[in-house]
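For reference, protein_37.csv is printed below; it contains CSV, C-alpha atoms.
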chain,number,residue,atom,x,y,z
A,420,MET,CA,110.9,117.1,120.5
A,421,PRO,CA,110.9,118.7,117.1
A,422,VAL,CA,109.9,117.0,113.9
A,423,ASN,CA,112.8,116.2,111.6
A,424,PRO,CA,112.6,116.2,107.8
A,425,GLU,CA,113.3,112.4,107.6
A,426,GLU,CA,110.3,111.7,109.7
A,427,LEU,CA,108.1,114.1,107.7
A,428,ARG,CA,109.0,112.3,104.5
A,429,GLU,CA,107.2,109.2,105.8
A,430,ILE,CA,104.0,111.2,105.4
A,431,PRO,CA,102.8,110.7,101.8
A,432,ALA,CA,101.8,114.3,101.4
A,433,PHE,CA,105.4,115.3,101.8
A,434,ARG,CA,107.2,112.4,100.3
A,435,ASP,CA,108.0,113.8,96.9
A,436,LEU,CA,108.6,117.4,97.9
A,437,PRO,CA,112.0,119.1,97.3
A,438,VAL,CA,114.4,118.9,100.2
A,439,GLY,CA,114.1,122.6,101.0
A,440,GLN,CA,110.3,122.5,101.2
A,441,VAL,CA,110.4,119.5,103.5
A,442,GLN,CA,112.9,121.2,105.8
A,443,SER,CA,110.8,124.4,105.8
A,444,VAL,CA,107.6,122.5,106.7
A,445,ALA,CA,109.3,120.4,109.4
A,446,ALA,CA,110.5,123.6,111.1
A,447,LEU,CA,106.9,124.7,111.5
A,448,MET,CA,105.6,121.3,112.7
A,449,VAL,CA,104.8,120.5,116.4
A,450,ARG,CA,105.0,116.9,117.8
A,451,ARG,CA,102.1,115.9,120.0
A,452,HIS,CA,101.5,112.7,122.0
A,453,PHE,CA,98.0,111.4,122.9
A,454,ALA,CA,96.9,108.6,125.2
A,455,PRO,CA,94.3,106.0,124.2
A,456,GLY,CA,90.8,107.5,124.3
A,457,GLN,CA,92.1,111.1,124.6
A,458,ILE,CA,90.2,113.7,122.7
A,459,ILE,CA,92.3,115.7,120.1
A,460,PHE,CA,89.7,118.3,119.3
A,461,VAL,CA,85.9,118.6,119.7
A,462,GLU,CA,83.2,119.2,117.2
A,463,GLY,CA,82.1,122.8,117.2
A,464,GLU,CA,85.4,124.1,118.7
A,465,LYS,CA,87.3,126.8,116.8
A,466,SER,CA,89.6,125.1,114.3
A,467,GLY,CA,93.0,126.2,113.3
A,468,SER,CA,95.5,123.3,112.8
A,469,LEU,CA,96.3,120.6,110.3
A,470,TRP,CA,97.1,117.1,111.8
A,471,PHE,CA,99.1,114.2,110.5
A,472,VAL,CA,99.2,110.7,112.0
A,473,PHE,CA,102.8,109.5,112.6
A,474,GLU,CA,102.0,106.6,114.9
A,475,GLY,CA,98.7,105.1,116.2
A,476,HIS,CA,95.1,105.5,115.1
A,477,VAL,CA,92.7,108.4,115.3
A,478,ARG,CA,88.9,108.1,114.8
A,479,ILE,CA,86.8,111.0,113.5
A,480,ILE,CA,83.4,111.0,115.1
A,481,LYS,CA,80.2,113.1,114.8
A,482,GLU,CA,77.2,113.4,117.0
A,483,SER,CA,73.9,112.7,115.2
A,484,SER,CA,70.7,114.6,115.9
A,485,ASN,CA,69.6,111.9,118.4
A,486,GLY,CA,72.8,112.2,120.3
A,487,ARG,CA,74.5,109.0,119.1
A,488,LEU,CA,78.2,109.2,118.2
A,489,GLN,CA,79.0,107.7,114.8
A,490,GLY,CA,82.5,106.9,113.6
A,491,LEU,CA,83.1,108.6,110.2
A,492,CYS,CA,86.6,107.4,109.4
A,493,LEU,CA,89.8,106.0,110.8
A,494,MET,CA,93.0,107.9,110.4
A,495,THR,CA,96.0,105.6,110.2
A,496,ARG,CA,99.8,106.3,109.8
A,497,GLY,CA,100.4,109.0,107.2
A,498,LYS,CA,96.8,110.3,107.0
A,499,CYS,CA,95.9,113.9,107.3
A,500,PHE,CA,92.9,115.4,109.1
A,501,GLY,CA,91.5,118.6,110.5
A,502,GLY,CA,91.7,120.5,107.2
A,503,CYS,CA,89.4,123.4,108.2
A,504,PRO,CA,92.1,126.0,107.8
A,505,LEU,CA,92.5,125.0,104.2
A,506,PHE,CA,88.8,125.8,103.5
A,507,ASP,CA,88.5,128.9,105.7
A,508,LEU,CA,86.1,127.1,108.1
A,509,ASP,CA,85.9,128.5,111.6
A,510,ASN,CA,84.8,125.5,113.6
A,511,ASN,CA,85.6,121.8,113.6
A,512,PRO,CA,82.8,119.8,111.9
A,513,ALA,CA,83.6,116.6,113.8
A,514,THR,CA,85.5,115.3,116.8
A,515,ALA,CA,88.9,113.6,116.7
A,516,GLN,CA,89.9,111.0,119.3
A,517,ALA,CA,93.0,108.8,119.7
A,518,LEU,CA,92.1,105.1,119.6
A,519,ASP,CA,95.4,104.0,121.0
A,520,SER,CA,98.7,105.7,121.9
A,521,ALA,CA,99.3,108.2,119.0
A,522,ILE,CA,102.0,110.5,117.9
A,523,LEU,CA,100.7,113.4,115.7
A,524,PHE,CA,102.5,116.0,113.7
A,525,VAL,CA,100.6,119.3,113.9
A,526,LEU,CA,100.8,122.3,111.6
A,527,PRO,CA,99.4,125.2,113.6
A,528,GLY,CA,96.9,127.6,112.1
A,529,GLY,CA,99.5,130.4,111.8
A,530,ALA,CA,101.8,128.0,109.9
A,531,VAL,CA,99.0,127.0,107.6
A,532,GLU,CA,98.4,130.6,106.7
A,533,HIS,CA,102.1,131.1,106.1
A,534,LEU,CA,102.1,128.2,103.7
A,535,ARG,CA,99.0,129.5,101.9
A,536,GLN,CA,100.8,132.8,101.3
A,537,HIS,CA,104.3,131.5,100.5
A,538,ASN,CA,103.9,127.9,99.3
A,539,PRO,CA,100.7,127.6,97.3
A,540,ASP,CA,101.9,124.4,95.5
A,541,LEU,CA,102.1,122.6,98.8
A,542,VAL,CA,98.6,123.7,99.8
A,543,LYS,CA,97.3,122.5,96.4
A,544,ALA,CA,98.8,119.0,97.2
A,545,LEU,CA,97.0,119.0,100.6
A,546,LEU,CA,93.7,120.0,99.0
A,547,HIS,CA,94.1,117.1,96.5
A,548,ILE,CA,94.3,114.7,99.5
A,549,TYR,CA,91.0,116.0,100.8
A,550,SER,CA,89.3,115.8,97.5
A,551,GLN,CA,90.0,112.1,97.4
A,552,ARG,CA,88.0,111.6,100.5
A,553,LEU,CA,84.8,113.2,99.3
A,554,GLY,CA,83.5,109.9,98.0
A,555,HIS,CA,83.9,108.3,101.4
A,556,LEU,CA,82.2,111.2,103.1
A,557,ALA,CA,79.3,110.9,100.7
A,558,ARG,CA,78.9,107.2,101.6
A,559,VAL,CA,79.1,108.1,105.3
A,560,SER,CA,76.0,110.3,104.8
A,561,GLU,CA,74.1,107.4,103.5
A,562,VAL,CA,75.3,105.2,106.3
A,563,LEU,CA,74.2,107.7,109.0
A,564,GLY,CA,70.7,108.0,107.4
A,565,SER,CA,69.6,104.5,106.5
A,566,TRP,CA,72.0,101.6,107.3
A,567,SER,CA,71.5,99.1,110.1
A,568,VAL,CA,74.1,98.4,112.7
A,569,SER,CA,75.0,95.1,110.9
A,570,GLU,CA,75.4,97.0,107.6
A,571,ARG,CA,77.6,99.6,109.2
A,572,ILE,CA,79.9,96.9,110.7
A,573,ASN,CA,80.1,95.2,107.3
A,574,ASP,CA,81.0,98.5,105.6
A,575,CYS,CA,83.8,99.0,108.1
A,576,LEU,CA,85.2,95.6,107.3
A,577,LEU,CA,85.2,96.4,103.6
A,578,THR,CA,86.5,99.9,104.1
A,579,TYR,CA,89.5,99.0,106.3
A,580,ALA,CA,90.5,95.7,104.6
A,581,ARG,CA,94.0,95.3,103.4
A,582,HIS,CA,94.5,93.4,100.1
A,583,PRO,CA,97.9,91.6,100.1
A,584,ALA,CA,99.0,90.3,96.7
A,585,ARG,CA,97.5,86.9,95.9
A,586,GLN,CA,96.0,86.6,99.4
A,587,GLN,CA,92.6,87.1,101.0
A,588,SER,CA,91.6,90.5,102.3
A,589,VAL,CA,92.5,91.1,106.0
A,590,VAL,CA,91.1,93.5,108.5
A,591,GLU,CA,93.4,94.4,111.4
A,592,LEU,CA,90.9,96.1,113.7
A,593,THR,CA,90.0,95.0,117.2
A,594,HIS,CA,86.3,94.5,118.1
A,595,GLU,CA,86.5,97.8,120.2
A,596,LYS,CA,87.7,99.8,117.2
A,597,LEU,CA,85.1,98.3,114.9
A,598,ALA,CA,82.5,99.2,117.5
A,599,ALA,CA,83.8,102.8,117.7
A,600,LEU,CA,83.8,103.2,113.9
A,601,SER,CA,80.3,101.7,113.4
A,602,GLY,CA,78.6,103.6,116.2
A,603,THR,CA,77.8,100.6,118.4
A,604,VAL,CA,79.3,98.6,121.3
A,605,ARG,CA,81.8,95.8,121.4
A,606,GLU,CA,79.2,93.1,122.4
A,607,VAL,CA,77.1,93.8,119.3
A,608,VAL,CA,80.2,93.7,117.0
A,609,THR,CA,81.3,90.4,118.6
A,610,ARG,CA,77.8,88.8,118.0
A,611,HIS,CA,77.7,90.0,114.4
A,612,LEU,CA,81.2,88.8,113.6
A,613,ASN,CA,80.4,85.4,115.1
A,614,LEU,CA,77.3,85.2,112.9
A,615,LEU,CA,79.4,86.1,109.8
A,616,GLU,CA,81.9,83.4,110.7
A,617,ARG,CA,79.2,80.8,111.1
A,618,GLN,CA,77.9,81.8,107.6
A,619,GLY,CA,81.4,81.3,106.1
A,620,ILE,CA,81.7,85.0,105.2
A,621,ILE,CA,84.7,85.8,107.4
A,622,ARG,CA,87.3,83.9,109.5
A,623,ILE,CA,88.3,85.3,112.9
A,624,GLU,CA,92.0,84.7,113.6
A,625,SER,CA,94.3,86.0,116.3
A,626,GLY,CA,94.8,89.7,115.8
A,627,HIS,CA,92.9,90.0,112.5
A,628,ILE,CA,89.8,89.1,110.5
A,629,VAL,CA,90.0,87.3,107.1
A,630,ILE,CA,87.3,88.2,104.6
A,631,LEU,CA,86.2,85.1,102.7
A,632,ASN,CA,83.3,86.5,100.8
A,633,ALA,CA,83.4,90.2,100.3
A,634,ASP,CA,80.2,90.3,98.1
A,635,ALA,CA,78.2,89.0,101.0
A,636,LEU,CA,79.2,92.1,103.1
A,637,LEU,CA,77.8,94.5,100.6
A,638,PRO,CA,74.5,96.2,101.6
A,639,PRO,CA,71.5,95.4,99.2
A,640,CYS,CA,71.6,98.9,97.6
A,641,ALA,CA,75.3,98.6,96.9
A,642,TRP,CA,74.9,95.1,95.4
A,643,GLU,CA,72.1,96.3,93.1
A,644,ARG,CA,74.3,99.2,91.9
A,645,GLN,CA,77.2,96.8,91.3
A,646,GLN,CA,74.9,94.4,89.3
A,647,SER,CA,73.5,97.2,87.2
A,648,ALA,CA,77.0,98.3,86.2
A,649,VAL,CA,78.0,94.8,84.9

Now that the file is in, can you turn its structure into structure tokens?
Amino acid sequence: MPVNPEELREIPAFRDLPVGQVQSVAALMVRRHFAPGQIIFVEGEKSGSLWFVFEGHVRIIKESSNGRLQGLCLMTRGKCFGGCPLFDLDNNPATAQALDSAILFVLPGGAVEHLRQHNPDLVKALLHIYSQRLGHLARVSEVLGSWSVSERINDCLLTYARHPARQQSVVELTHEKLAALSGTVREVVTRHLNLLERQGIIRIESGHIVILNADALLPPCAWERQQSAV
């Protein structure tokens, strides 16, 4: 089933493009379906495509030097990943895996090269999306190197919290997804969340987690930086 321009406009990167450009890009797109847990691409494999999440969730994971898999980030609806073709990289630096049933729009490598040659303004817009994630990736490097499991779980809660107007922050991730993103197992996440709830830091409700005290979830180094900036 092809990708139609109306669907493509639901992706933020294409929302404000002229009609003609959206139609041109949609004609190059391929729709792909992935089952929960299915691998989309593997770290070290030859790269070549640009991926956009239309439905579902995708986690980006990387294997550390000791063989442990660490979740780097969660790709939700409208997010773009797999940008190696934009940077002339030959191989994927990480692995992508569907966390649930996912529908992805794929811009194959040949199409990316076509856009680079004929639509440089669009490529610049996509590069801007990636530049906004550099701060997150820098923090991930710190997480991989020094943070405990509890601190990684806390960081996931803060990173993926929604902030409804005039309401408390809410995290809509299952224990399994939190475990995948923080590089641990569900049982560890459940024990830690129960501890946070007993301490009055969060409240566990059906289908989501309410953050009651965000400051208490900050790791010591982040708290110290925040205090020095006040």

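If all atoms listed in the file are the atoms counted, then among A:Ile479, A:Asn632, A:Met420, A:Glu532 the closest residue to A:Ala446 is A:Met420.
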
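When only C-alpha atoms are used to compute distances to A:Pro421, the closest of the residues A:Val525, A:Ala513, A:Leu436, A:Leu636 turns out to be A:Val525.
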
Pick from A:Ala432, A:Leu526, A:Ala517, A:Ala445: nearest to A:Trp470, with only C-alpha atoms counted?
-> A:Leu526

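Between A:Gly497 and the candidates A:Ala633, A:Ser625, A:Phe471, A:Gly619, the tightest atom-to-atom separation, counting all atoms listed in the file, involves A:Phe471.
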
Show me as number ranges by chain the residues that reach within 10 Å of (103.7, 119.0, 112.7), counting all atoms listed in the file and using the file's own coordinates.
-> A: 421-423, 427, 444-451, 468-473, 523-527, 530

Rounded to one decimal place, report the atom CA of A:Leu612-atom CA of A:Thr578 distance in Å.
-> 15.5 Å

Got a minute to add N, CA and C atoms to stretch 454-480 of chain A and dump it as a PDB file, in the frame of the given file?
ATOM      1  N   ALA A 454      97.168 109.884 124.565  1.00  0.00           N
ATOM      2  CA  ALA A 454      96.900 108.600 125.200  1.00  0.00           C
ATOM      3  C   ALA A 454      95.667 107.954 124.593  1.00  0.00           C
ATOM      4  N   PRO A 455      95.512 106.620 124.722  1.00  0.00           N
ATOM      5  CA  PRO A 455      94.300 106.000 124.200  1.00  0.00           C
ATOM      6  C   PRO A 455      93.033 106.599 124.756  1.00  0.00           C
ATOM      7  N   GLY A 456      92.105 106.931 123.869  1.00  0.00           N
ATOM      8  CA  GLY A 456      90.800 107.500 124.300  1.00  0.00           C
ATOM      9  C   GLY A 456      90.881 109.039 124.446  1.00  0.00           C
ATOM     10  N   GLN A 457      92.053 109.649 124.379  1.00  0.00           N
ATOM     11  CA  GLN A 457      92.100 111.100 124.600  1.00  0.00           C
ATOM     12  C   GLN A 457      91.564 111.862 123.402  1.00  0.00           C
ATOM     13  N   ILE A 458      90.806 112.904 123.711  1.00  0.00           N
ATOM     14  CA  ILE A 458      90.200 113.700 122.700  1.00  0.00           C
ATOM     15  C   ILE A 458      91.247 114.717 122.134  1.00  0.00           C
ATOM     16  N   ILE A 459      91.339 114.799 120.811  1.00  0.00           N
ATOM     17  CA  ILE A 459      92.300 115.700 120.100  1.00  0.00           C
ATOM     18  C   ILE A 459      91.673 117.042 119.899  1.00  0.00           C
ATOM     19  N   PHE A 460      90.492 117.058 119.329  1.00  0.00           N
ATOM     20  CA  PHE A 460      89.700 118.300 119.300  1.00  0.00           C
ATOM     21  C   PHE A 460      88.227 117.887 119.194  1.00  0.00           C
ATOM     22  N   VAL A 461      87.361 118.863 119.491  1.00  0.00           N
ATOM     23  CA  VAL A 461      85.900 118.600 119.700  1.00  0.00           C
ATOM     24  C   VAL A 461      85.128 119.293 118.589  1.00  0.00           C
ATOM     25  N   GLU A 462      84.096 118.605 118.124  1.00  0.00           N
ATOM     26  CA  GLU A 462      83.200 119.200 117.200  1.00  0.00           C
ATOM     27  C   GLU A 462      82.624 120.513 117.677  1.00  0.00           C
ATOM     28  N   GLY A 463      82.643 121.534 116.829  1.00  0.00           N
ATOM     29  CA  GLY A 463      82.100 122.800 117.200  1.00  0.00           C
ATOM     30  C   GLY A 463      83.165 123.793 117.752  1.00  0.00           C
ATOM     31  N   GLU A 464      84.324 123.243 118.199  1.00  0.00           N
ATOM     32  CA  GLU A 464      85.400 124.100 118.700  1.00  0.00           C
ATOM     33  C   GLU A 464      86.010 124.888 117.512  1.00  0.00           C
ATOM     34  N   LYS A 465      86.639 126.004 117.828  1.00  0.00           N
ATOM     35  CA  LYS A 465      87.300 126.800 116.800  1.00  0.00           C
ATOM     36  C   LYS A 465      88.473 125.952 116.234  1.00  0.00           C
ATOM     37  N   SER A 466      88.547 125.893 114.932  1.00  0.00           N
ATOM     38  CA  SER A 466      89.600 125.100 114.300  1.00  0.00           C
ATOM     39  C   SER A 466      90.784 125.999 113.945  1.00  0.00           C
ATOM     40  N   GLY A 467      91.903 125.345 113.622  1.00  0.00           N
ATOM     41  CA  GLY A 467      93.000 126.200 113.300  1.00  0.00           C
ATOM     42  C   GLY A 467      94.287 125.392 112.898  1.00  0.00           C
ATOM     43  N   SER A 468      94.271 124.076 113.057  1.00  0.00           N
ATOM     44  CA  SER A 468      95.500 123.300 112.800  1.00  0.00           C
ATOM     45  C   SER A 468      95.230 122.184 111.804  1.00  0.00           C
ATOM     46  N   LEU A 469      96.317 121.687 111.249  1.00  0.00           N
ATOM     47  CA  LEU A 469      96.300 120.600 110.300  1.00  0.00           C
ATOM     48  C   LEU A 469      97.077 119.431 111.004  1.00  0.00           C
ATOM     49  N   TRP A 470      96.509 118.231 111.036  1.00  0.00           N
ATOM     50  CA  TRP A 470      97.100 117.100 111.800  1.00  0.00           C
ATOM     51  C   TRP A 470      97.470 115.975 110.896  1.00  0.00           C
ATOM     52  N   PHE A 471      98.619 115.349 111.216  1.00  0.00           N
ATOM     53  CA  PHE A 471      99.100 114.200 110.500  1.00  0.00           C
ATOM     54  C   PHE A 471      99.458 113.080 111.434  1.00  0.00           C
ATOM     55  N   VAL A 472      98.997 111.871 111.129  1.00  0.00           N
ATOM     56  CA  VAL A 472      99.200 110.700 112.000  1.00  0.00           C
ATOM     57  C   VAL A 472     100.619 110.131 111.700  1.00  0.00           C
ATOM     58  N   PHE A 473     101.493 110.132 112.699  1.00  0.00           N
ATOM     59  CA  PHE A 473     102.800 109.500 112.600  1.00  0.00           C
ATOM     60  C   PHE A 473     102.813 108.095 113.149  1.00  0.00           C
ATOM     61  N   GLU A 474     102.147 107.933 114.283  1.00  0.00           N
ATOM     62  CA  GLU A 474     102.000 106.600 114.900  1.00  0.00           C
ATOM     63  C   GLU A 474     100.605 106.525 115.523  1.00  0.00           C
ATOM     64  N   GLY A 475     100.022 105.311 115.525  1.00  0.00           N
ATOM     65  CA  GLY A 475      98.700 105.100 116.200  1.00  0.00           C
ATOM     66  C   GLY A 475      97.563 105.286 115.222  1.00  0.00           C
ATOM     67  N   HIS A 476      96.367 105.352 115.815  1.00  0.00           N
ATOM     68  CA  HIS A 476      95.100 105.500 115.100  1.00  0.00           C
ATOM     69  C   HIS A 476      94.251 106.550 115.694  1.00  0.00           C
ATOM     70  N   VAL A 477      93.602 107.313 114.847  1.00  0.00           N
ATOM     71  CA  VAL A 477      92.700 108.400 115.300  1.00  0.00           C
ATOM     72  C   VAL A 477      91.346 108.147 114.609  1.00  0.00           C
ATOM     73  N   ARG A 478      90.270 108.219 115.381  1.00  0.00           N
ATOM     74  CA  ARG A 478      88.900 108.100 114.800  1.00  0.00           C
ATOM     75  C   ARG A 478      88.298 109.490 114.714  1.00  0.00           C
ATOM     76  N   ILE A 479      87.584 109.746 113.624  1.00  0.00           N
ATOM     77  CA  ILE A 479      86.800 111.000 113.500  1.00  0.00           C
ATOM     78  C   ILE A 479      85.365 110.626 113.703  1.00  0.00           C
ATOM     79  N   ILE A 480      84.729 111.291 114.660  1.00  0.00           N
ATOM     80  CA  ILE A 480      83.400 111.000 115.100  1.00  0.00           C
ATOM     81  C   ILE A 480      82.495 112.201 115.024  1.00  0.00           C
TER      82      ILE A 480
END
